[in-house]
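Working notes for the structure below.
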Amino acid sequence: MGHDGTPTGKRWLRWLPAAVLVGSLGLDLLTPPDVSTFPLLAAAPVMAAPVLSRRGTLAVGAAAVVTGLLDVVLEGRDLFSASEAVPFASIVVLTVLAVFLNRVMARDRQQLRTAREVAEAVQRAVLPAPAGRVGPLTVAARYQAAAREAAVGGDLYAVHATRHGVRLMIGDVRGKGLGAVRAVNALLGAFDEAAVHLPDLPAVVRRLEERMRRLNTPPDGAEGESFVTAVVAELPVGGTVLRVVNRGHPAPLLVHRGLVRPLEPAVPALPLGLADLGGPRAPVTVDRYDLPEDAVLVLFTDGVTEARDRDGTFYDPVPALSRPLPPDPGRVLDALLADLDRHAAGGLTDDVALLALTRHRSGPAPPGAGARSRGPRGRPRPSASRADDPRR
């Protein structure tokens, strides 16, 4: 939305009132004198109300009156006759009405913008940005609220350095509003405790599942329907192999030397909160992936892949991440968000949360790091393991 309170999306609509005025004049010149184009002139200020400012709406109304006068003069009609006065009065009345509607809509847009700003402030308070360095990792996070929403979203992320290694989570709670905030707070609290105290990754995931089960069964006995897609991962102390549990979430992307590899789970799993549908005590499958130095792991919520352009095409983050990029998580996320914003023309329909990390290099970055040519899209072969196996 612009500083004058006008919407910024679909800017071509701003030219529609002018096109109607020009079209009305041209149509009047090409049609017999008994064909009136005043209804088109009267419609122009009404069309301007939702897409222009108050001054712009008034200007369109004035232009409609001038166009009508020009029409009367060119056709040699009597300007002061009753048959000509009524159409001009209609234009004036509709212009006043359009200005009133414009004011109401501008106020509503301002209230929506204020509500969105409040929602983003609440989101930042609930979801503070992680530290830039966590253990052996450099970390960056970004959050962007939907352009068409004013409710607090359910996207979440967390990164913690523990004696077991660095543990992280990114997730997306079904729904928005206070229920989503409640679920986000519950999950972040459960993860903060579990990541520090529990010895292995499957135990952390089971603790999150238990927390969702309690959340879905409130004290009044009513059954809830909330669930969370999530990726929970850890990098052990001194290790280079990333362990990942994916519960119905978009696959993370590993960006390394121009190659973007989606870390798809070997065995698909249900989101957190729906584990009972998979049977009692379903095992937690852990996938393992090498995390090379200078590789950037990018995790995101489905607001990224569900963003559409004007033709309805879903966004694919792989091409943007396959361009020459430095091995810097913050710059990678900024480049991805800029490309996403161009694709969606600033009109995201869902909140977006992103998390990126890379292992610290043992020395200074070489010149041109990350400036390799784009390689083919590939997919790693995750080695699925049941983490309940004590040999793992």
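Ordering of the structure tokens sets the chain letters (A, B, ...), residue numbers begin anew at 1 in every chain, and ligands are numbered from 1 in the order given.
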
Exercise. Write down as a ChimeraX atom specification the residues belonging to segment 122-261 of chain A that are assigned alpha helix (DSSP H) by DSSP computed on the backbone.
Key: /A:122-126,178-197,201-215

Self-check item: Near-Leu137 of chain A list (7 Å; only C-alpha atoms; drop same-chain fewer than 3 positions) as a VMD selection string
Solution: chain A and resid 133 to 134 357 to 360

Self-check item: Nearest residue to Arg261 of chain A from the set A:Ser322, A:Thr313, A:Ser226, A:Thr305 (distances using only C-alpha atoms)
Solution: A:Ser322

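Nearest to Pro202 of chain A of all the residues A:Leu168, A:Val245, A:Val304, A:Leu30 is A:Val245, counting only C-alpha atoms.
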
Quiz item: What's the 7 Å shell around segment 184-190 of chain A, counting only C-alpha atoms, without same-chain residues fewer than 4 positions away, as an MDAnalysis selection string?
Solution: chainID A and resid 154 156 180 194 208 211

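Ranking A:Asp200, A:Asp334, A:Asp350, A:Asp294 by their shortest atom-to-atom distance to Arg142 of chain A, with only C-alpha atoms included, puts A:Asp334 first.
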
Quiz item: Using only C-alpha atoms, which of A:His197, A:Arg167, A:Arg207, A:His160 sits nearest Val232 of chain A?
Solution: A:Arg167

Quiz prompt | atom CA of Leu272 of chain A to atom CA of Asp287 of chain A, straight-line distance in Å | solution = 17.2 Å

Quiz item: In segment 294-354 of chain A, what's strand (DSSP E or B) per DSSP? Answer as a list of chain:residue names?
Solution: A:Val296, A:Leu297, A:Val298, A:Leu299, A:Phe300, A:Arg308, A:Phe314, A:Val352, A:Ala353, A:Leu354

Store the residues of this selection in a file with N, CA and C atoms, as an mmCIF file, in the first residue's frame.
data_model
loop_
_atom_site.group_PDB
_atom_site.id
_atom_site.type_symbol
_atom_site.label_atom_id
_atom_site.label_comp_id
_atom_site.auth_asym_id
_atom_site.auth_seq_id
_atom_site.Cartn_x
_atom_site.Cartn_y
_atom_site.Cartn_z
ATOM 1 N N VAL A 296 25.143 -24.217 2.331
ATOM 2 C CA VAL A 296 24.113 -23.499 3.071
ATOM 3 C C VAL A 296 22.840 -24.338 3.056
ATOM 4 N N LEU A 297 22.382 -24.671 4.236
ATOM 5 C CA LEU A 297 21.119 -25.403 4.365
ATOM 6 C C LEU A 297 19.994 -24.388 4.510
ATOM 7 N N VAL A 298 18.999 -24.479 3.641
ATOM 8 C CA VAL A 298 17.874 -23.536 3.634
ATOM 9 C C VAL A 298 16.606 -24.290 3.990
ATOM 10 N N LEU A 299 15.960 -23.872 5.060
ATOM 11 C CA LEU A 299 14.693 -24.442 5.488
ATOM 12 C C LEU A 299 13.629 -23.356 5.408
ATOM 13 N N PHE A 300 12.404 -23.732 5.048
ATOM 14 C CA PHE A 300 11.363 -22.723 4.858
ATOM 15 C C PHE A 300 9.996 -23.354 5.065
ATOM 16 N N ARG A 308 2.234 -17.667 -5.646
ATOM 17 C CA ARG A 308 1.941 -17.751 -7.075
ATOM 18 C C ARG A 308 2.190 -16.413 -7.756
ATOM 19 N N PHE A 314 3.146 -21.703 -9.278
ATOM 20 C CA PHE A 314 3.745 -21.769 -7.951
ATOM 21 C C PHE A 314 5.239 -21.436 -8.025
ATOM 22 N N VAL A 352 5.628 -16.362 5.605
ATOM 23 C CA VAL A 352 6.839 -17.057 5.173
ATOM 24 C C VAL A 352 7.865 -16.980 6.296
ATOM 25 N N ALA A 353 8.378 -18.136 6.695
ATOM 26 C CA ALA A 353 9.488 -18.199 7.640
ATOM 27 C C ALA A 353 10.619 -18.975 6.984
ATOM 28 N N LEU A 354 11.842 -18.471 7.124
ATOM 29 C CA LEU A 354 13.003 -19.116 6.526
ATOM 30 C C LEU A 354 14.129 -19.190 7.543
#

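Atom pair atom CA of Ala48 of chain A / atom CA of Ser24 of chain A has a distance of 15.3 Å (rounded to one decimal).
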
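Here atom CA of Asp108 of chain A stands at a distance of 13.4 Å from atom CA of Ser53 of chain A.
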
Self-check item: Near-Val65 of chain A list (10 Å; only C-alpha atoms; drop same-chain fewer than 5 positions) as number ranges by chain
Solution: A: 38, 41-42, 59-60, 70-71, 87-89, 91-92, 95

Could the residues in this selection be saved with N, CA and C atoms as a PDB file, in the first residue's frame?
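Now in result18.pdb:
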ATOM      1  N   PHE A  38     -22.611   9.105 -21.665  1.00  0.00           N
ATOM      2  CA  PHE A  38     -22.504   9.669 -20.314  1.00  0.00           C
ATOM      3  C   PHE A  38     -22.479   8.592 -19.224  1.00  0.00           C
ATOM      4  N   LEU A  41     -18.910   7.885 -18.643  1.00  0.00           N
ATOM      5  CA  LEU A  41     -18.257   8.994 -17.946  1.00  0.00           C
ATOM      6  C   LEU A  41     -18.602   8.977 -16.453  1.00  0.00           C
ATOM      7  N   ALA A  42     -19.863   8.698 -16.147  1.00  0.00           N
ATOM      8  CA  ALA A  42     -20.281   8.666 -14.743  1.00  0.00           C
ATOM      9  C   ALA A  42     -19.638   7.512 -13.993  1.00  0.00           C
ATOM     10  N   ALA A  59      -9.915  14.096  -9.372  1.00  0.00           N
ATOM     11  CA  ALA A  59      -9.389  14.464 -10.693  1.00  0.00           C
ATOM     12  C   ALA A  59     -10.107  13.702 -11.805  1.00  0.00           C
ATOM     13  N   VAL A  60     -10.395  12.412 -11.568  1.00  0.00           N
ATOM     14  CA  VAL A  60     -11.114  11.631 -12.564  1.00  0.00           C
ATOM     15  C   VAL A  60     -12.527  12.177 -12.744  1.00  0.00           C
ATOM     16  N   LEU A  70     -16.703  18.559 -23.613  1.00  0.00           N
ATOM     17  CA  LEU A  70     -16.091  18.475 -24.928  1.00  0.00           C
ATOM     18  C   LEU A  70     -16.991  17.721 -25.901  1.00  0.00           C
ATOM     19  N   ASP A  71     -17.630  16.684 -25.381  1.00  0.00           N
ATOM     20  CA  ASP A  71     -18.547  15.888 -26.189  1.00  0.00           C
ATOM     21  C   ASP A  71     -19.718  16.746 -26.673  1.00  0.00           C
ATOM     22  N   PRO A  87     -27.406  14.515 -17.109  1.00  0.00           N
ATOM     23  CA  PRO A  87     -26.197  13.680 -17.107  1.00  0.00           C
ATOM     24  C   PRO A  87     -25.035  14.315 -16.351  1.00  0.00           C
ATOM     25  N   PHE A  88     -24.855  15.650 -16.508  1.00  0.00           N
ATOM     26  CA  PHE A  88     -23.767  16.299 -15.780  1.00  0.00           C
ATOM     27  C   PHE A  88     -23.996  16.241 -14.272  1.00  0.00           C
ATOM     28  N   ALA A  89     -25.244  16.400 -13.849  1.00  0.00           N
ATOM     29  CA  ALA A  89     -25.543  16.288 -12.414  1.00  0.00           C
ATOM     30  C   ALA A  89     -25.247  14.877 -11.910  1.00  0.00           C
ATOM     31  N   ILE A  91     -22.932  12.861 -13.027  1.00  0.00           N
ATOM     32  CA  ILE A  91     -21.485  12.726 -12.882  1.00  0.00           C
ATOM     33  C   ILE A  91     -21.009  13.358 -11.580  1.00  0.00           C
ATOM     34  N   VAL A  92     -21.547  14.559 -11.281  1.00  0.00           N
ATOM     35  CA  VAL A  92     -21.142  15.254 -10.048  1.00  0.00           C
ATOM     36  C   VAL A  92     -21.536  14.441  -8.813  1.00  0.00           C
ATOM     37  N   THR A  95     -19.391  11.399  -8.481  1.00  0.00           N
ATOM     38  CA  THR A  95     -18.030  11.759  -8.060  1.00  0.00           C
ATOM     39  C   THR A  95     -17.972  11.970  -6.551  1.00  0.00           C
TER      40      THR A  95
END

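By chain and then residue number, the residues within 7 Å of Tyr157 of chain A are A:Met169, A:Ile170, A:Gly171, counting only C-alpha atoms and disregarding those fewer than 6 positions away in sequence.
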
How would the residues just chosen look if you wrote them out with all heavy atoms as a PDB file, in the first residue's frame?
ATOM      1  N   MET A 169      14.716 -26.489  14.683  1.00  0.00           N
ATOM      2  CA  MET A 169      13.376 -26.857  14.241  1.00  0.00           C
ATOM      3  C   MET A 169      12.785 -25.707  13.430  1.00  0.00           C
ATOM      4  O   MET A 169      12.999 -24.542  13.740  1.00  0.00           O
ATOM      5  CB  MET A 169      12.464 -27.158  15.448  1.00  0.00           C
ATOM      6  CG  MET A 169      11.008 -27.416  15.067  1.00  0.00           C
ATOM      7  SD  MET A 169       9.936 -27.814  16.490  1.00  0.00           S
ATOM      8  CE  MET A 169       9.970 -26.252  17.381  1.00  0.00           C
ATOM      9  N   ILE A 170      12.042 -26.061  12.392  1.00  0.00           N
ATOM     10  CA  ILE A 170      11.206 -25.112  11.681  1.00  0.00           C
ATOM     11  C   ILE A 170       9.863 -25.788  11.468  1.00  0.00           C
ATOM     12  O   ILE A 170       9.798 -27.001  11.230  1.00  0.00           O
ATOM     13  CB  ILE A 170      11.829 -24.669  10.342  1.00  0.00           C
ATOM     14  CG1 ILE A 170      10.992 -23.528   9.733  1.00  0.00           C
ATOM     15  CG2 ILE A 170      11.962 -25.827   9.367  1.00  0.00           C
ATOM     16  CD1 ILE A 170      11.692 -22.823   8.581  1.00  0.00           C
ATOM     17  N   GLY A 171       8.771 -25.035  11.628  1.00  0.00           N
ATOM     18  CA  GLY A 171       7.456 -25.655  11.529  1.00  0.00           C
ATOM     19  C   GLY A 171       6.396 -24.664  11.111  1.00  0.00           C
ATOM     20  O   GLY A 171       6.621 -23.442  11.066  1.00  0.00           O
TER      21      GLY A 171
END
